[in-house]
file data05.pdb (PDB, C-alpha atoms)
MODEL        1
ATOM      1  CA  GLY A  28       0.000   0.000   0.000  1.00  0.00           C
ATOM      2  CA  GLU A  29       0.919   3.651   0.032  1.00  0.00           C
ATOM      3  CA  ASN A  30       3.488   4.615   2.614  1.00  0.00           C
ATOM      4  CA  VAL A  31       5.986   7.343   3.474  1.00  0.00           C
ATOM      5  CA  GLU A  32       9.247   6.587   5.251  1.00  0.00           C
ATOM      6  CA  GLN A  33      10.779   9.400   7.305  1.00  0.00           C
ATOM      7  CA  HIS A  34      14.291   9.658   8.770  1.00  0.00           C
ATOM      8  CA  PRO A  35      15.710  10.257  11.241  1.00  0.00           C
ATOM      9  CA  SER A  36      13.209   9.611  14.016  1.00  0.00           C
ATOM     10  CA  THR A  37      15.130  11.941  16.336  1.00  0.00           C
ATOM     11  CA  LEU A  38      17.580  14.726  15.567  1.00  0.00           C
ATOM     12  CA  SER A  39      19.543  16.885  17.967  1.00  0.00           C
ATOM     13  CA  VAL A  40      21.480  19.922  16.747  1.00  0.00           C
ATOM     14  CA  GLN A  41      23.198  22.945  18.246  1.00  0.00           C
ATOM     15  CA  GLU A  42      21.536  26.297  17.829  1.00  0.00           C
ATOM     16  CA  GLY A  43      22.710  27.843  14.580  1.00  0.00           C
ATOM     17  CA  ASP A  44      23.402  24.527  12.864  1.00  0.00           C
ATOM     18  CA  SER A  45      21.347  23.152   9.977  1.00  0.00           C
ATOM     19  CA  ALA A  46      18.868  20.273  10.208  1.00  0.00           C
ATOM     20  CA  VAL A  47      17.794  17.966   7.409  1.00  0.00           C
ATOM     21  CA  ILE A  48      14.884  15.534   7.492  1.00  0.00           C
ATOM     22  CA  LYS A  49      14.350  13.083   4.643  1.00  0.00           C
ATOM     23  CA  CYS A  50      11.284  11.265   3.352  1.00  0.00           C
ATOM     24  CA  THR A  51      10.654   8.644   0.711  1.00  0.00           C
ATOM     25  CA  TYR A  52       7.220   7.928  -0.746  1.00  0.00           C
ATOM     26  CA  SER A  53       5.921   4.852  -2.519  1.00  0.00           C
ATOM     27  CA  ASP A  54       2.976   6.126  -4.579  1.00  0.00           C
ATOM     28  CA  SER A  55       4.386   7.464  -7.846  1.00  0.00           C
ATOM     29  CA  ALA A  56       1.093   9.318  -8.451  1.00  0.00           C
ATOM     30  CA  SER A  57       1.693  11.556  -5.414  1.00  0.00           C
ATOM     31  CA  ASN A  58       1.981  15.178  -6.481  1.00  0.00           C
ATOM     32  CA  TYR A  59       1.704  17.226  -3.298  1.00  0.00           C
ATOM     33  CA  PHE A  60       4.129  17.132  -0.369  1.00  0.00           C
ATOM     34  CA  PRO A  61       3.397  19.199   2.749  1.00  0.00           C
ATOM     35  CA  TRP A  62       5.440  19.422   5.936  1.00  0.00           C
ATOM     36  CA  TYR A  63       3.776  19.868   9.324  1.00  0.00           C
ATOM     37  CA  LYS A  64       5.337  21.040  12.569  1.00  0.00           C
ATOM     38  CA  GLN A  65       3.847  20.013  15.896  1.00  0.00           C
ATOM     39  CA  GLU A  66       5.111  21.767  18.977  1.00  0.00           C
ATOM     40  CA  LEU A  67       4.592  20.097  22.321  1.00  0.00           C
ATOM     41  CA  GLY A  68       0.928  20.113  23.275  1.00  0.00           C
ATOM     42  CA  LYS A  69      -0.113  22.005  20.154  1.00  0.00           C
ATOM     43  CA  ARG A  70      -1.750  21.170  16.849  1.00  0.00           C
ATOM     44  CA  PRO A  71       0.183  20.146  13.719  1.00  0.00           C
ATOM     45  CA  GLN A  72       0.683  23.216  11.539  1.00  0.00           C
ATOM     46  CA  LEU A  73       1.594  23.416   7.891  1.00  0.00           C
ATOM     47  CA  ILE A  74       4.989  25.097   7.521  1.00  0.00           C
ATOM     48  CA  ILE A  75       5.803  24.546   3.865  1.00  0.00           C
ATOM     49  CA  ASP A  76       4.584  22.493   0.938  1.00  0.00           C
ATOM     50  CA  ILE A  77       5.721  21.648  -2.574  1.00  0.00           C
ATOM     51  CA  ARG A  78       4.011  20.358  -5.691  1.00  0.00           C
ATOM     52  CA  SER A  79       5.542  17.803  -8.014  1.00  0.00           C
ATOM     53  CA  ASN A  80       6.117  20.317 -10.808  1.00  0.00           C
ATOM     54  CA  VAL A  81       8.653  22.156  -8.648  1.00  0.00           C
ATOM     55  CA  GLY A  82      12.040  20.874  -7.542  1.00  0.00           C
ATOM     56  CA  GLU A  83      12.703  23.255  -4.672  1.00  0.00           C
ATOM     57  CA  LYS A  84      10.859  25.807  -2.572  1.00  0.00           C
ATOM     58  CA  LYS A  85      12.217  28.146   0.067  1.00  0.00           C
ATOM     59  CA  ASP A  86      10.611  30.239   2.792  1.00  0.00           C
ATOM     60  CA  GLN A  87      13.104  32.151   4.930  1.00  0.00           C
ATOM     61  CA  ARG A  88      15.087  29.558   6.908  1.00  0.00           C
ATOM     62  CA  ILE A  89      13.064  26.607   5.633  1.00  0.00           C
ATOM     63  CA  ALA A  90      13.436  24.879   2.284  1.00  0.00           C
ATOM     64  CA  VAL A  91      12.049  21.730   0.747  1.00  0.00           C
ATOM     65  CA  THR A  92      13.539  19.774  -2.144  1.00  0.00           C
ATOM     66  CA  LEU A  93      11.868  17.113  -4.250  1.00  0.00           C
ATOM     67  CA  ASN A  94      13.404  14.390  -6.396  1.00  0.00           C
ATOM     68  CA  LYS A  95      10.515  12.784  -8.283  1.00  0.00           C
ATOM     69  CA  THR A  96      12.684  10.185  -9.971  1.00  0.00           C
ATOM     70  CA  ALA A  97      13.960   8.847  -6.672  1.00  0.00           C
ATOM     71  CA  LYS A  98      10.665   9.595  -4.883  1.00  0.00           C
ATOM     72  CA  HIS A  99      12.542  11.505  -2.196  1.00  0.00           C
ATOM     73  CA  PHE A 100      11.798  14.849  -0.592  1.00  0.00           C
ATOM     74  CA  SER A 101      13.599  16.649   2.190  1.00  0.00           C
ATOM     75  CA  LEU A 102      13.140  19.500   4.652  1.00  0.00           C
ATOM     76  CA  HIS A 103      16.093  21.762   5.320  1.00  0.00           C
ATOM     77  CA  ILE A 104      16.163  24.179   8.254  1.00  0.00           C
ATOM     78  CA  THR A 105      19.097  26.577   8.400  1.00  0.00           C
ATOM     79  CA  GLU A 106      20.327  28.633  11.363  1.00  0.00           C
ATOM     80  CA  THR A 107      18.217  26.590  13.756  1.00  0.00           C
ATOM     81  CA  GLN A 108      16.760  28.237  16.850  1.00  0.00           C
ATOM     82  CA  PRO A 109      15.388  26.710  20.067  1.00  0.00           C
ATOM     83  CA  GLU A 110      11.843  27.501  18.908  1.00  0.00           C
ATOM     84  CA  ASP A 111      12.379  25.133  15.970  1.00  0.00           C
ATOM     85  CA  SER A 112      12.278  22.268  18.479  1.00  0.00           C
ATOM     86  CA  ALA A 113       9.190  20.196  17.633  1.00  0.00           C
ATOM     87  CA  VAL A 114       8.002  17.047  15.875  1.00  0.00           C
ATOM     88  CA  TYR A 115       8.079  17.397  12.093  1.00  0.00           C
ATOM     89  CA  PHE A 116       5.907  15.276   9.821  1.00  0.00           C
ATOM     90  CA  CYS A 117       6.265  14.877   6.087  1.00  0.00           C
ATOM     91  CA  ALA A 118       3.289  13.767   4.011  1.00  0.00           C
ATOM     92  CA  ALA A 119       2.351  12.902   0.451  1.00  0.00           C
ATOM     93  CA  SER A 120      -0.937  13.003  -1.391  1.00  0.00           C
ATOM     94  CA  ARG A 121      -2.581  13.065  -4.802  1.00  0.00           C
ATOM     95  CA  LEU A 122      -4.190  16.449  -5.286  1.00  0.00           C
ATOM     96  CA  SER A 123      -6.690  14.984  -7.727  1.00  0.00           C
ATOM     97  CA  ASN A 124      -7.860  12.632  -5.020  1.00  0.00           C
ATOM     98  CA  THR A 125      -9.659  13.351  -1.771  1.00  0.00           C
ATOM     99  CA  GLY A 126      -6.787  15.237  -0.197  1.00  0.00           C
ATOM    100  CA  LYS A 127      -5.957  12.235   1.941  1.00  0.00           C
ATOM    101  CA  LEU A 128      -2.455  12.648   3.357  1.00  0.00           C
ATOM    102  CA  ILE A 129      -0.048   9.751   3.877  1.00  0.00           C
ATOM    103  CA  PHE A 130       2.242  10.770   6.722  1.00  0.00           C
ATOM    104  CA  GLY A 131       5.734   9.768   7.680  1.00  0.00           C
ATOM    105  CA  GLN A 132       6.486   8.602  11.210  1.00  0.00           C
ATOM    106  CA  GLY A 133       7.658  11.985  12.417  1.00  0.00           C
ATOM    107  CA  THR A 134      11.035  13.431  13.431  1.00  0.00           C
ATOM    108  CA  THR A 135      11.593  14.888  16.880  1.00  0.00           C
ATOM    109  CA  LEU A 136      13.983  17.808  16.442  1.00  0.00           C
ATOM    110  CA  GLN A 137      15.766  19.202  19.467  1.00  0.00           C
ATOM    111  CA  VAL A 138      17.723  22.422  19.088  1.00  0.00           C
ATOM    112  CA  LYS A 139      20.119  22.944  21.979  1.00  0.00           C
ATOM    113  CA  PRO A 140      20.839  26.532  22.960  1.00  0.00           C
TER     114      PRO A 140
ATOM    115  CA  GLU B   9     -10.662  33.171  12.219  1.00  0.00           C
ATOM    116  CA  ALA B  10     -11.389  30.367  14.686  1.00  0.00           C
ATOM    117  CA  GLY B  11      -9.395  27.212  14.124  1.00  0.00           C
ATOM    118  CA  VAL B  12     -10.471  23.584  14.197  1.00  0.00           C
ATOM    119  CA  THR B  13     -11.761  22.723  17.648  1.00  0.00           C
ATOM    120  CA  GLN B  14     -11.830  19.279  19.201  1.00  0.00           C
ATOM    121  CA  PHE B  15     -13.521  18.029  22.366  1.00  0.00           C
ATOM    122  CA  PRO B  16     -12.497  16.604  24.732  1.00  0.00           C
ATOM    123  CA  SER B  17      -8.766  17.199  24.781  1.00  0.00           C
ATOM    124  CA  HIS B  18      -8.266  14.066  26.878  1.00  0.00           C
ATOM    125  CA  SER B  19     -10.412  11.025  27.574  1.00  0.00           C
ATOM    126  CA  VAL B  20      -9.632   8.059  29.793  1.00  0.00           C
ATOM    127  CA  ILE B  21     -12.043   5.132  29.581  1.00  0.00           C
ATOM    128  CA  GLU B  22     -12.087   1.467  30.373  1.00  0.00           C
ATOM    129  CA  LYS B  23     -12.070  -1.268  27.780  1.00  0.00           C
ATOM    130  CA  GLY B  24     -15.592  -1.981  26.604  1.00  0.00           C
ATOM    131  CA  GLN B  25     -16.886   1.530  27.225  1.00  0.00           C
ATOM    132  CA  THR B  26     -18.045   3.996  24.599  1.00  0.00           C
ATOM    133  CA  VAL B  27     -16.404   7.304  23.776  1.00  0.00           C
ATOM    134  CA  THR B  28     -17.534  10.063  21.420  1.00  0.00           C
ATOM    135  CA  LEU B  29     -15.109  12.618  20.071  1.00  0.00           C
ATOM    136  CA  ARG B  30     -16.270  15.860  18.543  1.00  0.00           C
ATOM    137  CA  CYS B  31     -14.748  18.119  15.917  1.00  0.00           C
ATOM    138  CA  ASP B  32     -15.828  21.606  14.876  1.00  0.00           C
ATOM    139  CA  PRO B  33     -14.162  22.538  11.597  1.00  0.00           C
ATOM    140  CA  ILE B  34     -13.315  26.000  10.372  1.00  0.00           C
ATOM    141  CA  SER B  35     -16.499  27.682   9.197  1.00  0.00           C
ATOM    142  CA  GLY B  36     -17.016  27.248   5.468  1.00  0.00           C
ATOM    143  CA  HIS B  37     -14.712  24.262   5.119  1.00  0.00           C
ATOM    144  CA  ASP B  38     -16.643  21.507   3.359  1.00  0.00           C
ATOM    145  CA  ASN B  39     -13.844  18.965   3.740  1.00  0.00           C
ATOM    146  CA  LEU B  40     -13.395  17.346   7.119  1.00  0.00           C
ATOM    147  CA  TYR B  41     -10.885  14.606   7.935  1.00  0.00           C
ATOM    148  CA  TRP B  42     -10.218  12.319  10.874  1.00  0.00           C
ATOM    149  CA  TYR B  43      -6.701  11.014  11.525  1.00  0.00           C
ATOM    150  CA  ARG B  44      -5.149   9.014  14.329  1.00  0.00           C
ATOM    151  CA  ARG B  45      -1.640   8.735  15.750  1.00  0.00           C
ATOM    152  CA  VAL B  46      -0.959   5.595  17.765  1.00  0.00           C
ATOM    153  CA  MET B  47       2.046   5.074  20.051  1.00  0.00           C
ATOM    154  CA  GLY B  48       4.322   7.668  18.434  1.00  0.00           C
ATOM    155  CA  LYS B  49       3.891   6.201  14.967  1.00  0.00           C
ATOM    156  CA  GLU B  50       2.750   7.967  11.825  1.00  0.00           C
ATOM    157  CA  ILE B  51      -0.464   9.937  11.677  1.00  0.00           C
ATOM    158  CA  LYS B  52      -2.911   7.665   9.849  1.00  0.00           C
ATOM    159  CA  PHE B  53      -5.920   8.663   7.787  1.00  0.00           C
ATOM    160  CA  LEU B  54      -9.285   7.419   9.009  1.00  0.00           C
ATOM    161  CA  LEU B  55     -11.885   9.086   6.818  1.00  0.00           C
ATOM    162  CA  HIS B  56     -12.934  12.112   4.802  1.00  0.00           C
ATOM    163  CA  PHE B  57     -16.252  13.967   4.666  1.00  0.00           C
ATOM    164  CA  VAL B  58     -17.393  16.416   2.047  1.00  0.00           C
ATOM    165  CA  LYS B  59     -20.187  18.280   3.753  1.00  0.00           C
ATOM    166  CA  GLU B  60     -22.296  15.496   5.288  1.00  0.00           C
ATOM    167  CA  SER B  61     -21.213  12.746   2.874  1.00  0.00           C
ATOM    168  CA  LYS B  62     -18.439  10.242   3.496  1.00  0.00           C
ATOM    169  CA  GLN B  63     -16.055  10.444   0.542  1.00  0.00           C
ATOM    170  CA  ASP B  64     -13.452   7.991   1.732  1.00  0.00           C
ATOM    171  CA  GLU B  65     -13.603   5.814   4.812  1.00  0.00           C
ATOM    172  CA  SER B  66     -10.896   3.398   3.768  1.00  0.00           C
ATOM    173  CA  GLY B  67      -8.864   4.100   6.895  1.00  0.00           C
ATOM    174  CA  MET B  68     -11.508   3.176   9.456  1.00  0.00           C
ATOM    175  CA  PRO B  69     -10.069   0.254  11.448  1.00  0.00           C
ATOM    176  CA  ASN B  70     -13.277  -1.730  11.946  1.00  0.00           C
ATOM    177  CA  ASN B  71     -16.990  -1.439  12.587  1.00  0.00           C
ATOM    178  CA  ARG B  72     -16.456  -0.334  16.188  1.00  0.00           C
ATOM    179  CA  PHE B  73     -15.760   3.109  14.770  1.00  0.00           C
ATOM    180  CA  LEU B  74     -18.633   5.290  13.564  1.00  0.00           C
ATOM    181  CA  ALA B  75     -18.217   8.785  12.177  1.00  0.00           C
ATOM    182  CA  GLU B  76     -21.003  11.218  11.436  1.00  0.00           C
ATOM    183  CA  ARG B  77     -21.264  14.773  10.217  1.00  0.00           C
ATOM    184  CA  THR B  78     -24.803  15.922  10.699  1.00  0.00           C
ATOM    185  CA  GLY B  79     -25.821  18.811   8.495  1.00  0.00           C
ATOM    186  CA  GLY B  80     -22.305  19.125   7.167  1.00  0.00           C
ATOM    187  CA  THR B  81     -21.116  21.094  10.179  1.00  0.00           C
ATOM    188  CA  TYR B  82     -19.479  19.462  13.179  1.00  0.00           C
ATOM    189  CA  SER B  83     -18.466  15.814  13.170  1.00  0.00           C
ATOM    190  CA  THR B  84     -18.404  13.077  15.793  1.00  0.00           C
ATOM    191  CA  LEU B  85     -16.339   9.927  15.962  1.00  0.00           C
ATOM    192  CA  LYS B  86     -17.715   7.227  18.221  1.00  0.00           C
ATOM    193  CA  VAL B  87     -15.782   4.186  19.366  1.00  0.00           C
ATOM    194  CA  GLN B  88     -17.986   1.402  20.728  1.00  0.00           C
ATOM    195  CA  PRO B  89     -16.858  -0.745  22.431  1.00  0.00           C
ATOM    196  CA  ALA B  90     -13.372   0.651  22.959  1.00  0.00           C
ATOM    197  CA  GLU B  91     -10.380  -1.694  22.939  1.00  0.00           C
ATOM    198  CA  LEU B  92      -6.871  -1.178  24.303  1.00  0.00           C
ATOM    199  CA  GLU B  93      -5.410  -0.739  20.804  1.00  0.00           C
ATOM    200  CA  ASP B  94      -7.715   2.234  20.189  1.00  0.00           C
ATOM    201  CA  SER B  95      -5.565   4.385  22.455  1.00  0.00           C
ATOM    202  CA  GLY B  96      -3.872   7.256  20.687  1.00  0.00           C
ATOM    203  CA  VAL B  97      -4.332  10.827  19.588  1.00  0.00           C
ATOM    204  CA  TYR B  98      -7.280  11.477  17.294  1.00  0.00           C
ATOM    205  CA  PHE B  99      -6.900  14.496  15.056  1.00  0.00           C
ATOM    206  CA  CYS B 100      -9.522  16.271  13.056  1.00  0.00           C
ATOM    207  CA  ALA B 101      -8.623  18.513  10.133  1.00  0.00           C
ATOM    208  CA  SER B 102     -10.614  20.668   7.768  1.00  0.00           C
ATOM    209  CA  SER B 103      -9.891  22.134   4.371  1.00  0.00           C
ATOM    210  CA  GLN B 104     -11.492  24.387   1.815  1.00  0.00           C
ATOM    211  CA  ASP B 105      -9.539  23.100  -1.175  1.00  0.00           C
ATOM    212  CA  ARG B 106      -8.403  19.563  -0.171  1.00  0.00           C
ATOM    213  CA  GLU B 107      -4.844  20.849  -0.332  1.00  0.00           C
ATOM    214  CA  LYS B 108      -4.033  22.791   2.815  1.00  0.00           C
ATOM    215  CA  LEU B 109      -5.365  20.969   5.844  1.00  0.00           C
ATOM    216  CA  PHE B 110      -5.856  22.767   9.149  1.00  0.00           C
ATOM    217  CA  PHE B 111      -5.603  20.486  12.139  1.00  0.00           C
ATOM    218  CA  GLY B 112      -7.195  20.577  15.556  1.00  0.00           C
ATOM    219  CA  SER B 113      -5.175  19.998  18.716  1.00  0.00           C
ATOM    220  CA  GLY B 114      -6.365  16.414  18.945  1.00  0.00           C
ATOM    221  CA  THR B 115      -8.053  14.227  21.530  1.00  0.00           C
ATOM    222  CA  GLN B 116      -5.744  12.028  23.585  1.00  0.00           C
ATOM    223  CA  LEU B 117      -7.681   8.791  24.126  1.00  0.00           C
ATOM    224  CA  SER B 118      -6.480   6.297  26.708  1.00  0.00           C
ATOM    225  CA  VAL B 119      -8.254   2.954  26.955  1.00  0.00           C
ATOM    226  CA  LEU B 120      -7.374   1.068  30.146  1.00  0.00           C
TER     227      LEU B 120
ENDMDL
END

call {"tool": "encode", "arguments": {"input": "data05.pdb", "output": "structure tokens"}}
result
Amino acid sequence: GENVEQHPSTLSVQEGDSAVIKCTYSDSASNYFPWYKQELGKRPQLIIDIRSNVGEKKDQRIAVTLNKTAKHFSLHITETQPEDSAVYFCAASRLSNTGKLIFGQGTTLQVKP
Amino acid sequence: EAGVTQFPSHSVIEKGQTVTLRCDPISGHDNLYWYRRVMGKEIKFLLHFVKESKQDESGMPNNRFLAERTGGTYSTLKVQPAELEDSGVYFCASSQDREKLFFGSGTQLSVL
């Protein structure tokens, strides 16, 4: 069935360093890839997304890259800050479908001051 | 703009009991989704409503789970009877365009 593999499950970095989270999807028809951030005790929030017709998208310190051939996509956070500490989820879906998201297992990012 | 609201935030019940979770989507969002995260694993899709109609319920685990969306507004998810493996965080999300989903804070369900 459809699945998304996400790595690493935990990531600890020093403030100011970069963090990279990687995901691999199985459904070659997937064409929309959002990333959600869930801070402790709060709701998952969309932080960035990318469609399959784009290879890279950037929003300030956050960027996402997509390799359709390899079915890989990654989240890059530069100049990390303590407030970046959270659980990050990648997801994949077919926009022509119901909007159903297939999520990865989540990455717990800890940014040490 | 009010976000997606879920009640209760926590529920602790015994095996065999019934629990009903409620979700109030963002006003005007026809699409409403239920997801579940069990034991720190991935967030898994349960079902999708468009207004009051079920569009996709392929993720519902079994017939102990019943979801409704009366009048196309709020939705309820009932688990009857609850089993230990039903424990987890139940998320509701709503969307206007089936692309950007807005999530609620979730209901932490513990079945003892």

call {"tool": "closest_residue", "arguments": {"input": "data05.pdb", "among": "B:Ile21, B:Leu109, B:Leu92, B:Val97", "to": "chain A", "atoms": "all atoms listed in the file"}}
result
B:Leu109

call {"tool": "interface_residues", "arguments": {"input": "data05.pdb", "of": "chain B", "to": "chain A", "cutoff": "7 Å", "atoms": "all atoms listed in the file", "output": "ChimeraX atom specification"}}
result
/B:49-53,106-107,110-114

call {"tool": "resolve_selection", "arguments": {"input": "data05.pdb", "expression": "the PyMOL selection byres ((chain B and resi 84) around 10)", "output": "PyMOL selection string"}}
result
chain B and resi 14-15+28-32+42+74-78+82-83+85-87+100

call {"tool": "atom_distance", "arguments": {"input": "data05.pdb", "atom1": "CA of His99 in chain A", "atom2": "CA of Thr51 in chain A"}}
result
4.5 Å

call {"tool": "atom_distance", "arguments": {"input": "data05.pdb", "atom1": "CA of Tyr41 in chain B", "atom2": "CA of Gln63 in chain B"}}
result
9.9 Å

call {"tool": "residues_around", "arguments": {"input": "data05.pdb", "residues": "His18 in chain B", "least_positions_apart": "6", "cutoff": "8 Å", "atoms": "all atoms listed in the file", "output": "PyMOL selection string"}}
result
chain B and resi 115-118

call {"tool": "closest_residue", "arguments": {"input": "data05.pdb", "among": "A:Trp62, A:Leu38, A:Phe100, A:Leu67", "to": "Val81 in chain A", "atoms": "all atoms listed in the file"}}
result
A:Phe100

call {"tool": "atom_distance", "arguments": {"input": "data05.pdb", "atom1": "CA of Gly79 in chain B", "atom2": "CA of Leu55 in chain B"}}
result
17.1 Å

call {"tool": "residues_around", "arguments": {"input": "data05.pdb", "residues": "Thr105 in chain A", "least_positions_apart": "2", "cutoff": "6 Å", "atoms": "all atoms listed in the file", "output": "list of chain:residue names"}}
result
A:Ser45, A:Arg88, A:Thr107

call {"tool": "resolve_selection", "arguments": {"input": "data05.pdb", "expression": "the PyMOL selection byres ((chain A and resi 40) around 12)", "output": "list in words"}}
result
Thr37, Leu38, Ser39, Gln41, Glu42, Gly43, Asp44, Ser45, Ala46, Val47, Ile104, Thr105, Glu106, Thr107, Gln108, Pro109, Asp111, Ser112, Thr135, Leu136, Gln137, Val138, Lys139 and Pro140 of chain A

call {"tool": "closest_residue", "arguments": {"input": "data05.pdb", "among": "B:Gln88, B:Ser35, B:Leu120, B:Gly67", "to": "Glu29 in chain A", "atoms": "all atoms listed in the file"}}
result
B:Gly67

call {"tool": "closest_residue", "arguments": {"input": "data05.pdb", "among": "B:Arg72, B:Leu40, B:Lys62, B:Met47", "to": "Gln25 in chain B", "atoms": "only C-alpha atoms"}}
result
B:Arg72

call {"tool": "residues_around", "arguments": {"input": "data05.pdb", "residues": "range 92-96 of chain A", "least_positions_apart": "3", "cutoff": "8 Å", "atoms": "only C-alpha atoms", "output": "PyMOL selection string"}}
result
chain A and resi 77+79+81-84+99-102

call {"tool": "axis_aligned_box", "arguments": {"input": "data05.pdb", "around": "range 124-130 of chain A", "padding_each_side": "3 Å", "output": "AutoDock Vina command-line options"}}
result
--center_x -3.7 --center_y 12.5 --center_z 0.9 --size_x 17.9 --size_y 11.5 --size_z 17.7

call {"tool": "resolve_selection", "arguments": {"input": "data05.pdb", "expression": "the PyMOL selection byres ((chain B and resi 37) around 9)", "output": "ChimeraX atom specification"}}
result
/B:33-36,38-40,58-59,81,102-105

call {"tool": "closest_residue", "arguments": {"input": "data05.pdb", "among": "A:Ile89, A:Ala119, A:Cys50, A:Ala56", "to": "His103 in chain A", "atoms": "all atoms listed in the file"}}
result
A:Ile89

call {"tool": "residues_near_point", "arguments": {"input": "data05.pdb", "point": "(-16.3, 2.0, 29.9)", "cutoff": "10 Å", "atoms": "all atoms listed in the file", "output": "list in words"}}
result
Val20, Ile21, Glu22, Lys23, Gly24, Gln25, Thr26, Val27, Gln88, Pro89, Ala90, Glu91, Val119 and Leu120 of chain B

call {"tool": "closest_residue", "arguments": {"input": "data05.pdb", "among": "B:Asn70, B:Ala101, B:Lys108, B:Ser61", "to": "Gly11 in chain B", "atoms": "all atoms listed in the file"}}
result
B:Ala101

call {"tool": "decode", "arguments": {"input": "data05.pdb", "residues": "range 97-111 of chain A", "atoms": "N, CA, C and O atoms", "output": "PDB file, in the first residue's frame"}}
result
ATOM      1  N   ALA A  97      13.610   9.701  -7.800  1.00  0.00           N
ATOM      2  CA  ALA A  97      13.960   8.847  -6.672  1.00  0.00           C
ATOM      3  C   ALA A  97      12.832   8.744  -5.655  1.00  0.00           C
ATOM      4  O   ALA A  97      12.921   7.969  -4.703  1.00  0.00           O
ATOM      5  N   LYS A  98      11.791   9.532  -5.825  1.00  0.00           N
ATOM      6  CA  LYS A  98      10.665   9.595  -4.883  1.00  0.00           C
ATOM      7  C   LYS A  98      11.146   9.969  -3.487  1.00  0.00           C
ATOM      8  O   LYS A  98      10.761   9.355  -2.478  1.00  0.00           O
ATOM      9  N   HIS A  99      12.014  10.981  -3.447  1.00  0.00           N
ATOM     10  CA  HIS A  99      12.542  11.505  -2.196  1.00  0.00           C
ATOM     11  C   HIS A  99      12.159  12.973  -2.067  1.00  0.00           C
ATOM     12  O   HIS A  99      12.152  13.710  -3.068  1.00  0.00           O
ATOM     13  N   PHE A 100      11.905  13.426  -0.846  1.00  0.00           N
ATOM     14  CA  PHE A 100      11.798  14.849  -0.592  1.00  0.00           C
ATOM     15  C   PHE A 100      12.356  15.140   0.797  1.00  0.00           C
ATOM     16  O   PHE A 100      12.357  14.253   1.665  1.00  0.00           O
ATOM     17  N   SER A 101      12.881  16.325   0.960  1.00  0.00           N
ATOM     18  CA  SER A 101      13.599  16.649   2.190  1.00  0.00           C
ATOM     19  C   SER A 101      13.237  18.041   2.680  1.00  0.00           C
ATOM     20  O   SER A 101      12.929  18.936   1.888  1.00  0.00           O
ATOM     21  N   LEU A 102      13.337  18.197   4.001  1.00  0.00           N
ATOM     22  CA  LEU A 102      13.140  19.500   4.652  1.00  0.00           C
ATOM     23  C   LEU A 102      14.491  19.958   5.178  1.00  0.00           C
ATOM     24  O   LEU A 102      15.199  19.190   5.838  1.00  0.00           O
ATOM     25  N   HIS A 103      14.836  21.191   4.863  1.00  0.00           N
ATOM     26  CA  HIS A 103      16.093  21.762   5.320  1.00  0.00           C
ATOM     27  C   HIS A 103      15.791  22.995   6.170  1.00  0.00           C
ATOM     28  O   HIS A 103      15.076  23.901   5.713  1.00  0.00           O
ATOM     29  N   ILE A 104      16.317  23.009   7.383  1.00  0.00           N
ATOM     30  CA  ILE A 104      16.163  24.179   8.254  1.00  0.00           C
ATOM     31  C   ILE A 104      17.561  24.724   8.517  1.00  0.00           C
ATOM     32  O   ILE A 104      18.435  24.000   9.027  1.00  0.00           O
ATOM     33  N   THR A 105      17.780  25.962   8.163  1.00  0.00           N
ATOM     34  CA  THR A 105      19.097  26.577   8.400  1.00  0.00           C
ATOM     35  C   THR A 105      19.028  27.479   9.631  1.00  0.00           C
ATOM     36  O   THR A 105      17.950  27.899  10.055  1.00  0.00           O
ATOM     37  N   GLU A 106      20.210  27.743  10.194  1.00  0.00           N
ATOM     38  CA  GLU A 106      20.327  28.633  11.363  1.00  0.00           C
ATOM     39  C   GLU A 106      19.260  28.287  12.412  1.00  0.00           C
ATOM     40  O   GLU A 106      18.473  29.146  12.827  1.00  0.00           O
ATOM     41  N   THR A 107      19.258  27.048  12.837  1.00  0.00           N
ATOM     42  CA  THR A 107      18.217  26.590  13.756  1.00  0.00           C
ATOM     43  C   THR A 107      18.198  27.391  15.054  1.00  0.00           C
ATOM     44  O   THR A 107      19.245  27.858  15.533  1.00  0.00           O
ATOM     45  N   GLN A 108      16.976  27.505  15.600  1.00  0.00           N
ATOM     46  CA  GLN A 108      16.760  28.237  16.850  1.00  0.00           C
ATOM     47  C   GLN A 108      16.007  27.320  17.805  1.00  0.00           C
ATOM     48  O   GLN A 108      15.325  26.387  17.370  1.00  0.00           O
ATOM     49  N   PRO A 109      16.091  27.579  19.108  1.00  0.00           N
ATOM     50  CA  PRO A 109      15.388  26.710  20.067  1.00  0.00           C
ATOM     51  C   PRO A 109      13.896  26.556  19.756  1.00  0.00           C
ATOM     52  O   PRO A 109      13.335  25.474  19.970  1.00  0.00           O
ATOM     53  N   GLU A 110      13.279  27.588  19.214  1.00  0.00           N
ATOM     54  CA  GLU A 110      11.843  27.501  18.908  1.00  0.00           C
ATOM     55  C   GLU A 110      11.539  26.606  17.703  1.00  0.00           C
ATOM     56  O   GLU A 110      10.363  26.340  17.398  1.00  0.00           O
ATOM     57  N   ASP A 111      12.581  26.121  17.045  1.00  0.00           N
ATOM     58  CA  ASP A 111      12.379  25.133  15.970  1.00  0.00           C
ATOM     59  C   ASP A 111      12.177  23.735  16.547  1.00  0.00           C
ATOM     60  O   ASP A 111      11.799  22.808  15.820  1.00  0.00           O
TER      61      ASP A 111
END
